[in-house]
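Shown next: start-v8.txt, containing compact mmCIF, N, CA, C and O atoms.
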```txt
# COMPACT_ATOMS: atom_id res chain seq x y z
N THR A 1 103.15 18.23 -87.96
CA THR A 1 101.86 18.89 -87.93
C THR A 1 101.39 19.20 -89.34
O THR A 1 102.17 19.19 -90.28
N ALA A 2 100.14 19.52 -89.47
CA ALA A 2 99.55 19.81 -90.79
C ALA A 2 100.17 21.06 -91.40
O ALA A 2 100.39 21.12 -92.61
N ALA A 3 100.46 22.04 -90.57
CA ALA A 3 101.04 23.29 -91.09
C ALA A 3 102.42 23.04 -91.69
O ALA A 3 102.75 23.60 -92.74
N LYS A 4 103.22 22.19 -91.04
CA LYS A 4 104.55 21.88 -91.57
C LYS A 4 104.44 21.10 -92.88
O LYS A 4 105.20 21.33 -93.81
N THR A 5 103.48 20.19 -92.95
CA THR A 5 103.27 19.42 -94.17
C THR A 5 102.83 20.35 -95.30
O THR A 5 103.34 20.25 -96.42
N ASP A 6 101.90 21.24 -95.01
CA ASP A 6 101.43 22.19 -96.02
C ASP A 6 102.57 23.06 -96.51
O ASP A 6 102.70 23.32 -97.72
N LEU A 7 103.41 23.54 -95.61
CA LEU A 7 104.54 24.37 -95.97
C LEU A 7 105.52 23.59 -96.85
O LEU A 7 106.03 24.13 -97.84
N ARG A 8 105.76 22.34 -96.52
CA ARG A 8 106.68 21.51 -97.31
C ARG A 8 106.17 21.38 -98.74
O ARG A 8 106.93 21.51 -99.69
N TRP A 9 104.87 21.10 -98.90
CA TRP A 9 104.30 20.95 -100.25
C TRP A 9 104.29 22.27 -100.99
O TRP A 9 104.53 22.31 -102.20
N HIS A 10 104.02 23.35 -100.29
CA HIS A 10 104.05 24.67 -100.92
C HIS A 10 105.46 24.97 -101.44
O HIS A 10 105.62 25.42 -102.59
N GLU A 11 106.45 24.71 -100.62
CA GLU A 11 107.84 24.94 -101.04
C GLU A 11 108.23 24.02 -102.20
O GLU A 11 108.91 24.46 -103.13
N ALA A 12 107.79 22.77 -102.17
CA ALA A 12 108.09 21.84 -103.25
C ALA A 12 107.45 22.31 -104.55
O ALA A 12 108.08 22.26 -105.62
N PHE A 13 106.21 22.78 -104.47
CA PHE A 13 105.53 23.29 -105.66
C PHE A 13 106.25 24.52 -106.21
O PHE A 13 106.50 24.62 -107.42
N CYS A 14 106.59 25.46 -105.33
CA CYS A 14 107.27 26.68 -105.78
C CYS A 14 108.61 26.36 -106.44
O CYS A 14 108.94 26.93 -107.49
N THR A 15 109.35 25.45 -105.88
CA THR A 15 110.63 25.06 -106.45
C THR A 15 110.43 24.42 -107.82
O THR A 15 111.13 24.74 -108.79
N ALA A 16 109.47 23.51 -107.93
CA ALA A 16 109.19 22.85 -109.21
C ALA A 16 108.73 23.86 -110.26
O ALA A 16 109.15 23.79 -111.42
N ALA A 17 107.89 24.81 -109.86
CA ALA A 17 107.41 25.82 -110.81
C ALA A 17 108.55 26.72 -111.27
O ALA A 17 108.67 27.02 -112.47
N ARG A 18 109.42 27.12 -110.35
CA ARG A 18 110.58 27.95 -110.73
C ARG A 18 111.50 27.19 -111.68
O ARG A 18 111.99 27.76 -112.66
N ASP A 19 111.75 25.93 -111.37
CA ASP A 19 112.60 25.11 -112.25
C ASP A 19 112.00 25.03 -113.65
O ASP A 19 112.71 25.15 -114.65
N TRP A 20 110.68 24.84 -113.73
CA TRP A 20 110.03 24.77 -115.03
C TRP A 20 110.14 26.11 -115.76
O TRP A 20 110.49 26.16 -116.94
N LEU A 21 109.86 27.20 -115.05
CA LEU A 21 109.94 28.52 -115.68
C LEU A 21 111.34 28.85 -116.15
O LEU A 21 111.51 29.55 -117.16
N ASP A 22 112.35 28.37 -115.45
CA ASP A 22 113.74 28.60 -115.88
C ASP A 22 114.02 27.96 -117.23
O ASP A 22 114.91 28.41 -117.95
N GLY A 23 113.25 26.94 -117.58
CA GLY A 23 113.49 26.21 -118.82
C GLY A 23 112.69 26.69 -120.02
O GLY A 23 112.90 26.20 -121.13
N VAL A 24 111.79 27.66 -119.84
CA VAL A 24 111.01 28.13 -120.98
C VAL A 24 111.80 29.19 -121.75
O VAL A 24 112.64 29.89 -121.18
N THR A 25 111.51 29.28 -123.03
CA THR A 25 112.21 30.24 -123.87
C THR A 25 111.66 31.65 -123.62
O THR A 25 110.60 31.82 -123.01
N ASP A 26 112.37 32.64 -124.12
CA ASP A 26 111.90 34.02 -123.98
C ASP A 26 110.54 34.22 -124.65
O ASP A 26 109.68 34.91 -124.13
N GLY A 27 110.36 33.60 -125.82
CA GLY A 27 109.08 33.71 -126.52
C GLY A 27 107.94 33.09 -125.74
O GLY A 27 106.84 33.65 -125.67
N GLU A 28 108.22 31.93 -125.14
CA GLU A 28 107.19 31.27 -124.31
C GLU A 28 106.89 32.12 -123.07
O GLU A 28 105.74 32.26 -122.68
N ARG A 29 107.92 32.69 -122.49
CA ARG A 29 107.75 33.54 -121.31
C ARG A 29 106.91 34.78 -121.66
O ARG A 29 106.08 35.22 -120.88
N LEU A 30 107.12 35.32 -122.85
CA LEU A 30 106.34 36.46 -123.30
C LEU A 30 104.86 36.09 -123.42
O LEU A 30 103.99 36.83 -122.93
N ILE A 31 104.59 34.95 -124.03
CA ILE A 31 103.20 34.50 -124.16
C ILE A 31 102.57 34.30 -122.79
O ILE A 31 101.45 34.76 -122.53
N LEU A 32 103.29 33.65 -121.90
CA LEU A 32 102.77 33.44 -120.54
C LEU A 32 102.50 34.76 -119.85
O LEU A 32 101.46 34.93 -119.19
N GLY A 33 103.40 35.70 -119.98
CA GLY A 33 103.22 37.00 -119.34
C GLY A 33 102.02 37.75 -119.87
O GLY A 33 101.23 38.32 -119.11
N LEU A 34 101.87 37.75 -121.19
CA LEU A 34 100.74 38.45 -121.78
C LEU A 34 99.41 37.79 -121.41
O LEU A 34 98.43 38.48 -121.12
N ARG A 35 99.40 36.46 -121.40
CA ARG A 35 98.16 35.74 -121.10
C ARG A 35 97.82 35.80 -119.62
O ARG A 35 96.69 36.07 -119.24
N TRP A 36 98.80 35.52 -118.75
CA TRP A 36 98.53 35.40 -117.31
C TRP A 36 98.62 36.74 -116.60
O TRP A 36 97.73 37.12 -115.86
N ARG A 37 99.73 37.43 -116.80
CA ARG A 37 99.95 38.68 -116.06
C ARG A 37 99.01 39.78 -116.52
O ARG A 37 98.42 40.50 -115.72
N TYR A 38 98.90 39.91 -117.85
CA TYR A 38 98.08 40.99 -118.40
C TYR A 38 96.70 40.53 -118.84
O TYR A 38 95.91 41.32 -119.34
N ARG A 39 96.41 39.25 -118.63
CA ARG A 39 95.10 38.68 -118.89
C ARG A 39 94.57 38.98 -120.29
O ARG A 39 93.39 39.27 -120.49
N MET A 40 95.48 38.92 -121.25
CA MET A 40 95.09 39.15 -122.64
C MET A 40 94.51 37.88 -123.23
O MET A 40 94.91 36.77 -122.85
N SER A 41 93.61 38.05 -124.16
CA SER A 41 93.04 36.90 -124.85
C SER A 41 94.06 36.36 -125.86
O SER A 41 95.03 37.04 -126.21
N GLN A 42 93.81 35.15 -126.31
CA GLN A 42 94.67 34.57 -127.35
C GLN A 42 94.67 35.46 -128.59
O GLN A 42 95.71 35.65 -129.22
N ARG A 43 93.52 36.00 -128.91
CA ARG A 43 93.40 36.87 -130.08
C ARG A 43 94.27 38.12 -129.92
O ARG A 43 94.97 38.53 -130.86
N GLU A 44 94.24 38.73 -128.74
CA GLU A 44 95.05 39.93 -128.49
C GLU A 44 96.54 39.61 -128.57
O GLU A 44 97.31 40.37 -129.17
N VAL A 45 96.95 38.50 -127.97
CA VAL A 45 98.36 38.11 -128.01
C VAL A 45 98.79 37.84 -129.45
O VAL A 45 99.86 38.28 -129.89
N ALA A 46 97.96 37.14 -130.19
CA ALA A 46 98.28 36.84 -131.60
C ALA A 46 98.44 38.13 -132.38
O ALA A 46 99.37 38.26 -133.20
N HIS A 47 97.56 39.08 -132.15
CA HIS A 47 97.63 40.36 -132.86
C HIS A 47 98.94 41.09 -132.53
O HIS A 47 99.62 41.59 -133.43
N ILE A 48 99.29 41.13 -131.26
CA ILE A 48 100.52 41.81 -130.84
C ILE A 48 101.76 41.15 -131.45
O ILE A 48 102.68 41.83 -131.90
N LEU A 49 101.76 39.81 -131.47
CA LEU A 49 102.93 39.08 -131.98
C LEU A 49 102.90 38.88 -133.49
O LEU A 49 103.88 38.39 -134.06
N GLY A 50 101.79 39.23 -134.11
CA GLY A 50 101.70 39.11 -135.56
C GLY A 50 101.62 37.68 -136.06
O GLY A 50 102.17 37.36 -137.11
N VAL A 51 100.96 36.82 -135.28
CA VAL A 51 100.80 35.42 -135.68
C VAL A 51 99.32 35.06 -135.64
O VAL A 51 98.48 35.82 -135.14
N HIS A 52 99.00 33.89 -136.17
CA HIS A 52 97.62 33.42 -136.18
C HIS A 52 97.20 33.03 -134.77
O HIS A 52 98.01 32.53 -133.97
N GLU A 53 95.94 33.25 -134.44
CA GLU A 53 95.42 32.92 -133.11
C GLU A 53 95.62 31.44 -132.78
O GLU A 53 95.89 31.08 -131.64
N GLY A 54 95.49 30.58 -133.77
CA GLY A 54 95.69 29.15 -133.56
C GLY A 54 97.09 28.81 -133.09
O GLY A 54 97.30 27.87 -132.33
N THR A 55 98.05 29.60 -133.55
CA THR A 55 99.44 29.39 -133.12
C THR A 55 99.57 29.64 -131.62
O THR A 55 100.21 28.86 -130.90
N ILE A 56 98.96 30.69 -131.14
CA ILE A 56 99.00 31.00 -129.70
C ILE A 56 98.28 29.92 -128.92
O ILE A 56 98.74 29.48 -127.86
N SER A 57 97.15 29.45 -129.44
CA SER A 57 96.39 28.40 -128.78
C SER A 57 97.23 27.13 -128.63
O SER A 57 97.31 26.54 -127.55
N ARG A 58 97.89 26.73 -129.71
CA ARG A 58 98.74 25.53 -129.66
C ARG A 58 99.91 25.70 -128.71
O ARG A 58 100.25 24.81 -127.93
N GLN A 59 100.56 26.88 -128.76
CA GLN A 59 101.70 27.12 -127.87
C GLN A 59 101.27 27.14 -126.41
O GLN A 59 101.97 26.62 -125.54
N THR A 60 100.13 27.74 -126.14
CA THR A 60 99.62 27.79 -124.77
C THR A 60 99.30 26.38 -124.27
O THR A 60 99.64 26.02 -123.13
N ASP A 61 98.65 25.58 -125.11
CA ASP A 61 98.35 24.19 -124.73
C ASP A 61 99.62 23.41 -124.47
O ASP A 61 99.70 22.64 -123.50
N LYS A 62 100.63 23.59 -125.32
CA LYS A 62 101.89 22.89 -125.16
C LYS A 62 102.58 23.31 -123.86
O LYS A 62 103.10 22.46 -123.12
N LEU A 63 102.55 24.61 -123.57
CA LEU A 63 103.15 25.09 -122.32
C LEU A 63 102.43 24.52 -121.10
O LEU A 63 103.07 24.13 -120.12
N ARG A 64 101.11 24.49 -121.16
CA ARG A 64 100.33 23.93 -120.05
C ARG A 64 100.70 22.47 -119.82
O ARG A 64 100.96 22.05 -118.69
N ASP A 65 100.75 21.70 -120.91
CA ASP A 65 101.06 20.28 -120.78
C ASP A 65 102.47 20.06 -120.23
O ASP A 65 102.68 19.20 -119.37
N LYS A 66 103.43 20.85 -120.71
CA LYS A 66 104.80 20.73 -120.20
C LYS A 66 104.88 21.10 -118.72
O LYS A 66 105.59 20.48 -117.95
N ALA A 67 104.14 22.14 -118.33
CA ALA A 67 104.13 22.57 -116.93
C ALA A 67 103.55 21.48 -116.04
O ALA A 67 104.12 21.15 -114.99
N LEU A 68 102.42 20.93 -116.45
CA LEU A 68 101.79 19.87 -115.66
C LEU A 68 102.71 18.66 -115.52
O LEU A 68 102.83 18.07 -114.44
N GLU A 69 103.37 18.31 -116.61
CA GLU A 69 104.28 17.16 -116.59
C GLU A 69 105.49 17.43 -115.69
O GLU A 69 105.85 16.61 -114.85
N ALA A 70 106.11 18.58 -115.88
CA ALA A 70 107.33 18.90 -115.12
C ALA A 70 107.04 19.11 -113.63
O ALA A 70 107.70 18.52 -112.77
N ILE A 71 106.06 19.93 -113.33
CA ILE A 71 105.75 20.23 -111.93
C ILE A 71 105.15 19.01 -111.26
O ILE A 71 105.53 18.65 -110.14
N GLY A 72 104.23 18.35 -111.94
CA GLY A 72 103.63 17.14 -111.39
C GLY A 72 104.66 16.07 -111.12
O GLY A 72 104.62 15.39 -110.09
N GLY A 73 105.60 15.91 -112.05
CA GLY A 73 106.65 14.91 -111.88
C GLY A 73 107.51 15.17 -110.65
O GLY A 73 107.84 14.26 -109.89
N LYS A 74 107.84 16.45 -110.46
CA LYS A 74 108.64 16.81 -109.27
C LYS A 74 107.88 16.56 -107.98
O LYS A 74 108.45 16.09 -106.99
N LEU A 75 106.59 16.85 -107.99
CA LEU A 75 105.81 16.64 -106.78
C LEU A 75 105.62 15.15 -106.49
O LEU A 75 105.63 14.74 -105.33
N VAL A 76 105.48 14.35 -107.53
CA VAL A 76 105.38 12.90 -107.33
C VAL A 76 106.67 12.35 -106.73
O VAL A 76 106.64 11.48 -105.86
N GLU A 77 107.81 12.89 -107.16
CA GLU A 77 109.09 12.48 -106.59
C GLU A 77 109.15 12.76 -105.10
O GLU A 77 109.81 12.04 -104.35
N GLN A 78 108.49 13.83 -104.67
CA GLN A 78 108.51 14.22 -103.25
C GLN A 78 107.72 13.23 -102.43
O GLN A 78 107.87 13.01 -101.30
```
Can I see the file as structure tokens?
Amino acid sequence: TAAKTDLRWHEAFCTAARDWLDGVTDGERLILGLRWRYRMSQREVAHILGVHEGTISRQTDKLRDKALEAIGGKLVEQ
């Protein structure tokens, strides 16, 4: 049924996302938490961490690309 298929894909996505998150560094996890959980701007995160805003922008882009590759790859395997 459609509900079982939806549940299977939801579980596959959650597993892939957890696997990806297990592989990020503490620093990357901090950036993700500040940006996503606390909805801080790149400028605010850069100020808190004492780095240039461009550094946060590049790290965020890199994290996004790695997440899409890792999670997408796992879902394609399914």
Point-to-point distance from CA of Arg64 in chain A to atom N of Leu7 in chain A, Å rounded to tenths: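 Atom N of Leu7 in chain A lies at a distance of 24.6 Å from CA of Arg64 in chain A.
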Nearest to Leu63 in chain A, chosen from A:Leu75, A:Leu21, A:Cys14, A:Met40, with only C-alpha atoms counted in the distances: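 Closest to Leu63 in chain A, using only C-alpha atoms: A:Leu21.
Atom O of Val45 in chain A to CA of Ile31 in chain A spans 7.6 Å [interatomic distance, one decimal].
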Residue set, chain A restricted to alpha helix (DSSP H), as JSON, numbers by chain: {"A": [2, 3, 4, 5, 6, 7, 8, 9, 10, 11, 12, 13, 14, 15, 16, 17, 18, 19, 20, 21, 22, 26, 27, 28, 29, 30, 31, 32, 42, 43, 44, 45, 46, 47, 48, 49, 53, 54, 55, 56, 57, 58, 59, 60, 61, 62, 63, 64, 65, 66, 67, 68, 69, 70, 71, 72, 73, 74, 75, 76, 77]}
d(CA of Ser41 in chain A, atom C of Arg58 in chain A) in Å: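 Separation between CA of Ser41 in chain A and atom C of Arg58 in chain A: 13.7 Å.
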Neighbour list for Ala46 in chain A as a list in words, cut-off 8 Å, all atoms listed in the file, skip fewer than 5 positions in-chain: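 Returned residues: Met40, Ser41, Val51, His52, Glu53, Gly54, Thr55, Ile56 and Ser57 of chain A.
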Which of A:Val76, A:Asp6, A:Thr60, A:Ala70 sits closest to Trp36 in chain A [using only C-alpha atoms]: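 Among the listed residues, A:Thr60 lies closest to Trp36 in chain A.
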Could you add whatever atoms are missing so that range 43-54 of chain A carries all heavy atoms, then write the result as a JSON list (two decimals), keeping the file's coordinate frame?
```json
[["chain", "number", "residue", "atom", "x", "y", "z"],
["A", 43, "ARG", "N", 93.52, 36.00, -128.91],
["A", 43, "ARG", "CA", 93.40, 36.87, -130.08],
["A", 43, "ARG", "C", 94.27, 38.12, -129.92],
["A", 43, "ARG", "O", 94.97, 38.53, -130.86],
["A", 43, "ARG", "CB", 91.95, 37.26, -130.29],
["A", 43, "ARG", "CG", 91.74, 38.20, -131.46],
["A", 43, "ARG", "CD", 90.30, 38.38, -131.79],
["A", 43, "ARG", "NE", 89.87, 37.13, -132.41],
["A", 43, "ARG", "CZ", 88.64, 36.62, -132.34],
["A", 43, "ARG", "NH1", 87.70, 37.28, -131.70],
["A", 43, "ARG", "NH2", 88.33, 35.49, -132.92],
["A", 44, "GLU", "N", 94.24, 38.73, -128.74],
["A", 44, "GLU", "CA", 95.05, 39.93, -128.49],
["A", 44, "GLU", "C", 96.54, 39.61, -128.57],
["A", 44, "GLU", "O", 97.31, 40.37, -129.17],
["A", 44, "GLU", "CB", 94.71, 40.52, -127.12],
["A", 44, "GLU", "CG", 93.32, 41.11, -127.03],
["A", 44, "GLU", "CD", 92.91, 41.44, -125.61],
["A", 44, "GLU", "OE1", 93.24, 40.67, -124.67],
["A", 44, "GLU", "OE2", 92.25, 42.49, -125.44],
["A", 45, "VAL", "N", 96.95, 38.50, -127.97],
["A", 45, "VAL", "CA", 98.36, 38.11, -128.01],
["A", 45, "VAL", "C", 98.79, 37.84, -129.45],
["A", 45, "VAL", "O", 99.86, 38.28, -129.89],
["A", 45, "VAL", "CB", 98.62, 36.88, -127.11],
["A", 45, "VAL", "CG1", 100.05, 36.38, -127.28],
["A", 45, "VAL", "CG2", 98.34, 37.22, -125.65],
["A", 46, "ALA", "N", 97.96, 37.14, -130.19],
["A", 46, "ALA", "CA", 98.28, 36.84, -131.60],
["A", 46, "ALA", "C", 98.44, 38.13, -132.38],
["A", 46, "ALA", "O", 99.37, 38.26, -133.20],
["A", 46, "ALA", "CB", 97.19, 35.97, -132.20],
["A", 47, "HIS", "N", 97.56, 39.08, -132.15],
["A", 47, "HIS", "CA", 97.63, 40.36, -132.86],
["A", 47, "HIS", "C", 98.94, 41.09, -132.53],
["A", 47, "HIS", "O", 99.62, 41.59, -133.43],
["A", 47, "HIS", "CB", 96.42, 41.23, -132.49],
["A", 47, "HIS", "CG", 96.44, 42.57, -133.15],
["A", 47, "HIS", "ND1", 96.15, 42.74, -134.48],
["A", 47, "HIS", "CD2", 96.72, 43.80, -132.65],
["A", 47, "HIS", "CE1", 96.27, 44.03, -134.78],
["A", 47, "HIS", "NE2", 96.60, 44.69, -133.68],
["A", 48, "ILE", "N", 99.29, 41.13, -131.26],
["A", 48, "ILE", "CA", 100.52, 41.81, -130.84],
["A", 48, "ILE", "C", 101.76, 41.15, -131.45],
["A", 48, "ILE", "O", 102.68, 41.83, -131.90],
["A", 48, "ILE", "CB", 100.64, 41.83, -129.30],
["A", 48, "ILE", "CG1", 99.64, 42.83, -128.72],
["A", 48, "ILE", "CG2", 102.06, 42.18, -128.84],
["A", 48, "ILE", "CD1", 99.54, 42.78, -127.21],
["A", 49, "LEU", "N", 101.76, 39.81, -131.47],
["A", 49, "LEU", "CA", 102.93, 39.08, -131.98],
["A", 49, "LEU", "C", 102.90, 38.88, -133.49],
["A", 49, "LEU", "O", 103.88, 38.39, -134.06],
["A", 49, "LEU", "CB", 103.03, 37.73, -131.27],
["A", 49, "LEU", "CG", 103.22, 37.78, -129.74],
["A", 49, "LEU", "CD1", 103.31, 36.38, -129.16],
["A", 49, "LEU", "CD2", 104.45, 38.60, -129.38],
["A", 50, "GLY", "N", 101.79, 39.23, -134.11],
["A", 50, "GLY", "CA", 101.70, 39.11, -135.56],
["A", 50, "GLY", "C", 101.62, 37.68, -136.06],
["A", 50, "GLY", "O", 102.17, 37.36, -137.11],
["A", 51, "VAL", "N", 100.96, 36.82, -135.28],
["A", 51, "VAL", "CA", 100.80, 35.42, -135.68],
["A", 51, "VAL", "C", 99.32, 35.06, -135.64],
["A", 51, "VAL", "O", 98.48, 35.82, -135.14],
["A", 51, "VAL", "CB", 101.60, 34.46, -134.76],
["A", 51, "VAL", "CG1", 103.09, 34.77, -134.84],
["A", 51, "VAL", "CG2", 101.12, 34.55, -133.32],
["A", 52, "HIS", "N", 99.00, 33.89, -136.17],
["A", 52, "HIS", "CA", 97.62, 33.42, -136.18],
["A", 52, "HIS", "C", 97.20, 33.03, -134.77],
["A", 52, "HIS", "O", 98.01, 32.53, -133.97],
["A", 52, "HIS", "CB", 97.50, 32.21, -137.12],
["A", 52, "HIS", "CG", 96.09, 31.81, -137.40],
["A", 52, "HIS", "ND1", 95.39, 30.97, -136.56],
["A", 52, "HIS", "CD2", 95.25, 32.15, -138.40],
["A", 52, "HIS", "CE1", 94.18, 30.79, -137.05],
["A", 52, "HIS", "NE2", 94.07, 31.50, -138.17],
["A", 53, "GLU", "N", 95.94, 33.25, -134.44],
["A", 53, "GLU", "CA", 95.42, 32.92, -133.11],
["A", 53, "GLU", "C", 95.62, 31.44, -132.78],
["A", 53, "GLU", "O", 95.89, 31.08, -131.64],
["A", 53, "GLU", "CB", 93.95, 33.29, -133.04],
["A", 53, "GLU", "CG", 93.35, 33.13, -131.67],
["A", 53, "GLU", "CD", 91.89, 33.56, -131.62],
["A", 53, "GLU", "OE1", 91.41, 34.24, -132.54],
["A", 53, "GLU", "OE2", 91.24, 33.21, -130.62],
["A", 54, "GLY", "N", 95.49, 30.58, -133.77],
["A", 54, "GLY", "CA", 95.69, 29.15, -133.56],
["A", 54, "GLY", "C", 97.09, 28.81, -133.09],
["A", 54, "GLY", "O", 97.30, 27.87, -132.33]]
```
